[in-house]
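Student: Input file: model00.txt. Contents: compact mmCIF, C-alpha atoms and all ligand atoms.
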# COMPACT_ATOMS: atom_id res chain seq x y z
CA MET Y 59 4.60 20.82 7.85
CA THR Y 60 0.89 21.66 7.75
CA ARG Y 61 -1.53 18.82 7.95
CA ALA Y 62 -2.62 18.12 4.42
CA PRO Y 63 -5.80 16.13 4.01
CA ILE Y 64 -4.81 12.50 3.51
CA ARG Y 65 -6.82 10.60 0.94
CA ALA Y 66 -7.06 6.98 0.06
CA VAL Y 67 -4.93 5.99 -2.89
CA GLN Y 68 -7.22 6.12 -5.87
CA SER Y 69 -6.37 2.75 -7.34
CA GLY Y 70 -8.01 1.26 -4.25
CA MET Y 71 -5.68 0.80 -1.31
CA ARG Y 72 -8.45 -0.69 0.69
CA ILE Y 73 -7.78 -2.26 4.06
CA THR Y 74 -10.17 -4.40 6.05
CA ILE Y 75 -9.75 -4.83 9.79
CA ILE Y 76 -11.29 -8.04 11.08
CA GLU Y 77 -11.23 -7.53 14.82
CA ASP Y 78 -13.88 -8.07 17.51
CA ASP Y 79 -12.28 -5.78 20.10
CA ASP Y 80 -14.00 -2.50 19.34
CA ARG Y 81 -11.38 -0.34 21.05
CA VAL Y 82 -8.50 -1.96 19.14
CA ALA Y 83 -10.40 -1.82 15.83
CA ARG Y 84 -11.30 1.83 16.32
CA GLY Y 85 -7.70 2.79 17.09
CA LEU Y 86 -6.39 0.92 14.05
CA ALA Y 87 -9.06 2.37 11.79
CA THR Y 88 -8.11 5.92 12.79
CA VAL Y 89 -4.39 5.42 12.26
CA LEU Y 90 -4.79 3.57 8.96
CA ALA Y 91 -7.20 6.18 7.61
CA GLN Y 92 -4.62 8.84 8.47
CA ALA Y 93 -2.05 6.79 6.58
CA GLY Y 94 -4.22 7.09 3.48
CA PHE Y 95 -6.11 3.80 3.44
CA GLU Y 96 -9.77 3.34 2.77
CA VAL Y 97 -10.65 1.44 5.95
CA HIS Y 98 -13.39 -1.12 6.49
CA ARG Y 99 -14.18 -2.76 9.79
CA ILE Y 100 -15.60 -6.20 10.41
CA ALA Y 101 -16.12 -7.83 13.80
CA THR Y 102 -17.08 -11.43 13.04
CA ALA Y 103 -15.79 -14.35 11.01
CA ALA Y 104 -19.19 -14.80 9.33
CA GLU Y 105 -19.15 -11.24 8.02
CA ALA Y 106 -15.48 -11.52 7.02
CA VAL Y 107 -16.10 -14.42 4.65
CA ARG Y 108 -18.72 -12.37 2.76
CA ALA Y 109 -16.75 -9.10 2.74
CA ALA Y 110 -15.86 -7.16 -0.41
CA PRO Y 111 -12.29 -7.62 -1.69
CA SER Y 112 -9.53 -5.54 -0.13
CA ASP Y 113 -5.87 -4.91 -0.89
CA VAL Y 114 -4.88 -5.73 2.68
CA VAL Y 115 -6.75 -7.62 5.38
CA LEU Y 116 -5.75 -7.71 9.04
CA VAL Y 117 -7.27 -10.84 10.59
CA ASP Y 118 -7.47 -11.30 14.34
CA LEU Y 119 -7.03 -15.02 14.91
CA GLY Y 120 -9.31 -14.93 17.95
CA LEU Y 121 -12.78 -14.06 16.69
CA PRO Y 122 -15.95 -14.65 18.75
CA ASP Y 123 -17.85 -16.73 16.19
CA GLY Y 124 -15.14 -18.75 14.54
CA ASP Y 125 -11.61 -19.33 13.61
CA GLY Y 126 -9.53 -16.58 12.01
CA GLN Y 127 -7.68 -19.38 10.24
CA HIS Y 128 -10.83 -20.30 8.34
CA VAL Y 129 -11.20 -16.67 7.27
CA ILE Y 130 -7.59 -16.59 6.06
CA ARG Y 131 -8.11 -19.75 4.00
CA LYS Y 132 -11.12 -18.16 2.32
CA LEU Y 133 -9.12 -15.00 1.58
CA ARG Y 134 -6.43 -17.09 -0.11
CA ASP Y 135 -8.74 -17.45 -3.11
CA ARG Y 136 -7.77 -13.87 -3.98
CA PRO Y 137 -4.05 -13.63 -4.77
CA GLU Y 138 -4.25 -9.84 -5.02
CA THR Y 139 -5.24 -9.57 -1.36
CA ALA Y 140 -2.43 -9.38 1.20
CA VAL Y 141 -3.31 -11.01 4.52
CA ILE Y 142 -1.72 -10.23 7.89
CA ALA Y 143 -2.68 -12.48 10.81
CA VAL Y 144 -2.97 -10.70 14.14
CA THR Y 145 -2.23 -12.93 17.10
CA ALA Y 146 -2.84 -12.13 20.74
CA ARG Y 147 0.10 -14.07 22.03
CA SER Y 148 3.63 -14.46 20.87
CA GLU Y 149 3.54 -18.26 21.17
CA GLU Y 150 5.05 -19.85 18.16
CA HIS Y 151 2.14 -22.18 17.45
CA GLU Y 152 -0.16 -19.15 17.07
CA ARG Y 153 2.11 -17.64 14.46
CA VAL Y 154 2.45 -20.95 12.70
CA ARG Y 155 -1.34 -21.35 12.62
CA GLY Y 156 -1.72 -18.04 10.83
CA LEU Y 157 1.05 -18.67 8.35
CA ARG Y 158 -0.10 -22.23 7.67
CA ALA Y 159 -3.55 -20.96 6.82
CA GLY Y 160 -1.92 -18.80 4.17
CA ALA Y 161 -1.31 -15.41 5.77
CA ASP Y 162 1.44 -13.39 4.10
CA ASP Y 163 2.69 -12.19 7.47
CA TYR Y 164 1.68 -11.99 11.12
CA ILE Y 165 1.90 -9.42 13.87
CA VAL Y 166 1.72 -10.00 17.61
CA LYS Y 167 -0.44 -7.86 19.94
CA PRO Y 168 0.41 -5.43 21.38
CA PHE Y 169 2.21 -3.92 18.42
CA GLY Y 170 3.37 -0.44 17.52
CA ILE Y 171 1.92 1.43 14.57
CA PRO Y 172 5.31 1.85 12.82
CA GLU Y 173 5.76 -1.92 12.85
CA LEU Y 174 2.26 -2.47 11.50
CA LEU Y 175 2.74 0.06 8.69
CA ALA Y 176 6.09 -1.49 7.79
CA ARG Y 177 4.53 -4.94 7.58
CA ILE Y 178 1.63 -3.62 5.49
CA ASP Y 179 4.14 -1.99 3.13
CA ALA Y 180 6.05 -5.25 2.83
CA VAL Y 181 3.02 -7.42 2.06
CA LEU Y 182 1.66 -4.86 -0.40
CA ARG Y 183 4.97 -5.02 -2.21
CA ARG Y 184 4.68 -8.79 -2.48
CA THR Y 185 1.14 -8.62 -3.88
CA ARG Y 186 1.89 -5.70 -6.19
CA VAL Y 187 2.06 -7.77 -9.33
CA ALA Y 188 -1.10 -9.71 -8.53
CA ARG Y 189 -2.89 -6.44 -7.85
CA ALA Y 190 -1.78 -4.88 -11.12
CA MET Y 191 -2.89 -8.03 -12.96
CA SER Y 192 -6.30 -7.90 -11.30
CA HIS Y 193 -7.01 -4.33 -12.46
CA PRO Y 194 -4.83 -3.93 -15.56
CA ASP Y 195 -7.41 -1.83 -17.35
CA GLU Y 196 -7.95 0.78 -14.67
CA PRO Y 197 -5.79 3.81 -15.43
CA LEU Y 198 -4.50 5.88 -12.56
CA VAL Y 199 -5.53 9.48 -13.16
CA LEU Y 200 -3.84 12.38 -11.38
CA GLY Y 201 -4.64 15.82 -12.67
CA PRO Y 202 -3.56 15.98 -16.32
CA MET Y 203 -1.70 12.65 -16.10
CA ARG Y 204 -3.01 9.18 -16.91
CA ILE Y 205 -1.02 6.09 -16.07
CA GLY Y 206 -2.00 2.83 -17.74
CA VAL Y 207 -0.97 0.33 -15.10
CA GLY Y 208 -1.29 -2.68 -17.35
CA THR Y 209 -0.19 -1.03 -20.59
CA ARG Y 210 2.61 1.01 -18.96
CA GLU Y 211 1.54 3.99 -21.04
CA VAL Y 212 1.73 7.46 -19.55
CA THR Y 213 0.15 10.59 -20.94
CA VAL Y 214 0.23 14.18 -19.70
CA ASP Y 215 -2.40 16.47 -21.24
CA ASP Y 216 -3.07 13.63 -23.71
CA ALA Y 217 0.54 13.68 -24.94
CA SER Y 218 2.39 10.40 -24.63
CA VAL Y 219 5.42 10.36 -22.31
CA ALA Y 220 8.11 7.75 -22.97
CA LEU Y 221 9.59 6.39 -19.75
CA THR Y 222 12.20 3.78 -18.99
CA ARG Y 223 11.13 0.77 -16.93
CA LYS Y 224 12.58 2.19 -13.70
CA GLU Y 225 11.15 5.64 -14.35
CA PHE Y 226 7.73 4.08 -14.83
CA GLU Y 227 7.97 2.08 -11.61
CA LEU Y 228 9.10 5.15 -9.70
CA LEU Y 229 6.26 7.24 -11.11
CA LEU Y 230 3.71 4.53 -10.31
CA LEU Y 231 4.95 4.31 -6.73
CA LEU Y 232 4.73 8.08 -6.23
CA ALA Y 233 1.34 8.21 -7.95
CA ARG Y 234 -0.13 5.43 -5.85
CA ARG Y 235 0.91 7.20 -2.66
CA ALA Y 236 0.04 10.72 -3.86
CA PRO Y 237 -0.46 13.17 -2.26
CA ASN Y 238 1.58 11.56 0.50
CA VAL Y 239 5.34 11.74 0.74
CA VAL Y 240 7.26 8.60 -0.17
CA SER Y 241 10.56 8.34 1.66
CA ARG Y 242 13.83 7.83 -0.17
CA ASP Y 243 14.36 4.59 1.76
CA VAL Y 244 11.02 3.19 0.64
CA ILE Y 245 11.69 4.18 -2.98
CA LEU Y 246 15.17 2.65 -2.99
CA ASP Y 247 13.88 -0.51 -1.36
CA GLN Y 248 10.86 -0.95 -3.63
CA ILE Y 249 12.33 0.12 -6.97
CA TRP Y 250 15.95 -0.89 -6.64
CA GLY Y 251 15.67 -3.42 -3.83
CA ALA Y 252 18.51 -1.77 -2.02
CA THR Y 253 19.13 0.89 0.59
CA TRP Y 254 22.84 1.25 0.06
CA GLU Y 255 24.32 4.62 -0.60
CA SER Y 256 25.35 4.05 -4.19
CA SER Y 257 21.70 3.85 -5.36
CA SER Y 258 20.95 7.23 -3.86
CA ARG Y 259 22.48 9.05 -6.82
CA THR Y 260 20.57 6.76 -9.19
CA LEU Y 261 17.36 7.89 -7.51
CA ASP Y 262 18.32 11.57 -7.94
CA THR Y 263 18.97 10.95 -11.63
CA HIS Y 264 15.61 9.24 -12.13
CA ILE Y 265 13.71 11.98 -10.29
CA ALA Y 266 15.41 14.60 -12.48
CA ALA Y 267 14.53 12.64 -15.62
CA LEU Y 268 10.90 12.23 -14.53
CA ARG Y 269 10.57 15.94 -13.76
CA HIS Y 270 11.94 16.79 -17.16
CA LYS Y 271 9.65 14.37 -18.99
CA LEU Y 272 6.44 15.09 -17.06
CA GLY Y 273 6.78 18.86 -17.13
CA GLN Y 274 5.43 21.44 -14.74
CA SER Y 275 1.83 20.33 -14.71
CA VAL Y 276 2.80 17.17 -12.78
CA PRO Y 277 5.25 18.48 -10.18
CA ILE Y 278 7.34 16.13 -8.05
CA ARG Y 279 8.16 17.98 -4.84
CA THR Y 280 11.28 17.30 -2.79
CA ILE Y 281 10.56 17.07 0.92
CA HIS Y 282 14.00 17.70 2.36
CA GLY Y 283 15.32 15.00 4.62
CA VAL Y 284 12.34 12.76 3.82
CA GLY Y 285 11.63 12.02 0.18
CA TYR Y 286 9.30 13.02 -2.63
CA ARG Y 287 5.64 13.63 -3.24
CA LEU Y 288 3.76 13.81 -6.47
CA GLN Y 289 1.63 16.90 -6.42
CA ALA Y 290 -1.19 16.50 -8.84
CA ASP Y 291 -4.86 16.99 -8.18
CA ARG Y 292 -7.17 14.10 -8.48
CA PRO Y 293 -10.04 15.66 -10.35
CA GLU Y 294 -12.48 12.92 -9.44
CA LEU Y 295 -11.92 13.47 -5.72
CA THR Y 296 -12.34 17.24 -5.61
CA GLY Y 297 -15.69 18.89 -5.07
CA CA Y 301 -10.19 -11.12 19.39
Can I see the file as structure tokens?
Ligand code: CA
Tutor:
Amino acid sequence: MTRAPIRAVQSGMRITIIEDDDRVARGLATVLAQAGFEVHRIATAAEAVRAAPSDVVLVDLGLPDGDGQHVIRKLRDRPETAVIAVTARSEEHERVRGLRAGADDYIVKPFGIPELLARIDAVLRRTRVARAMSHPDEPLVLGPMRIGVGTREVTVDDASVALTRKEFELLLLLARRAPNVVSRDVILDQIWGATWESSSRTLDTHIAALRHKLGQSVPIRTIHGVGYRLQADRPELTG
């Protein structure tokens, strides 16, 4: 596959890395930007407390000017923000410290990128409802399609499209990740909460129904052996 430019998800998949080790932070920033996040970097606890809201925050528990735990407690005022504590050691008390402070999850250094991305996915899923509630009025616009996240109304070329609950959730998931591919496993897990084989046909049926209802101006591409991607231009990001 050619390397398509990866863009941050429009509805604001913003990630903040709070990490004083410049080499670690730089590496993470590169990988997460490639994964489609809008990445922000912060190196101190003082700065972290004043930072703009994010969808996900990675907090190193060992910061030079203060306690990562304190930062996590401050972040807990925003339910729509998912917090992952990053601990340098695998000692249990370190993990407990992070979770006690209110982190949604923790990860132990050194960690692999697939593990990090999987944990980010999981915490984002848990904060999905809070996020939707915090921006219910911001429609997601992709090419000729508008998705009202709060109202659950979808239009294509200003014509209303009636979707079932599952079809809407599937469309929203693909739209939020667009133009990236969303794997079948991720879709099954997030929409049906299952990875077992019998849901696979259900997914095929829903994709077929969505394609039929959305029409050709909002194509859903099959990436064989992987999953699906919604191919629609984001007019506000071009040019
Ligand atoms: Ca550190």
Student: Quick one: residues within 8 Å of Thr102 of chain Y, only C-alpha atoms counted, chain neighbours fewer than 6 positions away excluded, as JSON, numbers by chain?
Tutor: {"Y": [76, 77, 78, 121, 122, 123, 124]}
Student: Taking only C-alpha atoms and all ligand atoms into account, which residues are within 12 Å of ligand CA 301 (chain Y), as an MDAnalysis selection string?
Tutor: chainID Y and resid 75:83 100:103 116:126 143:147 167
Student: How many Å lie between atom CA of Ile130 of chain Y and atom CA of Ala93 of chain Y, rounded to one decimal?
Tutor: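 Those two atoms sit 24.0 Å apart.
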Student: Which distance in Å separates atom CA of Gln92 of chain Y and atom CA of Val199 of chain Y, to one decimal?
Tutor: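 Distance reported for this atom pair: 21.7 Å.
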Student: In Å, rounded to a single decimal, give me how far atom CA of Ile142 of chain Y is from atom CA of Ile165 of chain Y.
Tutor: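 A separation of 7.0 Å between them.
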Student: Ranking Y:Leu261, Y:Leu229, Y:Ile73, Y:Ala220 by minimum distance to Leu175 of chain Y and counting only C-alpha atoms, which one comes first?
Tutor: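 Once distances to Leu175 of chain Y are computed over only C-alpha atoms, the minimum belongs to Y:Ile73.
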Student: Give me the residues near His264 of chain Y as a ChimeraX atom specification, where near means some atom within 9 Å (using all atoms listed in the file) and where sequence neighbours in that chain fewer than 4 positions away do not count.
Tutor: /Y:224-225,228,259-260,268-269
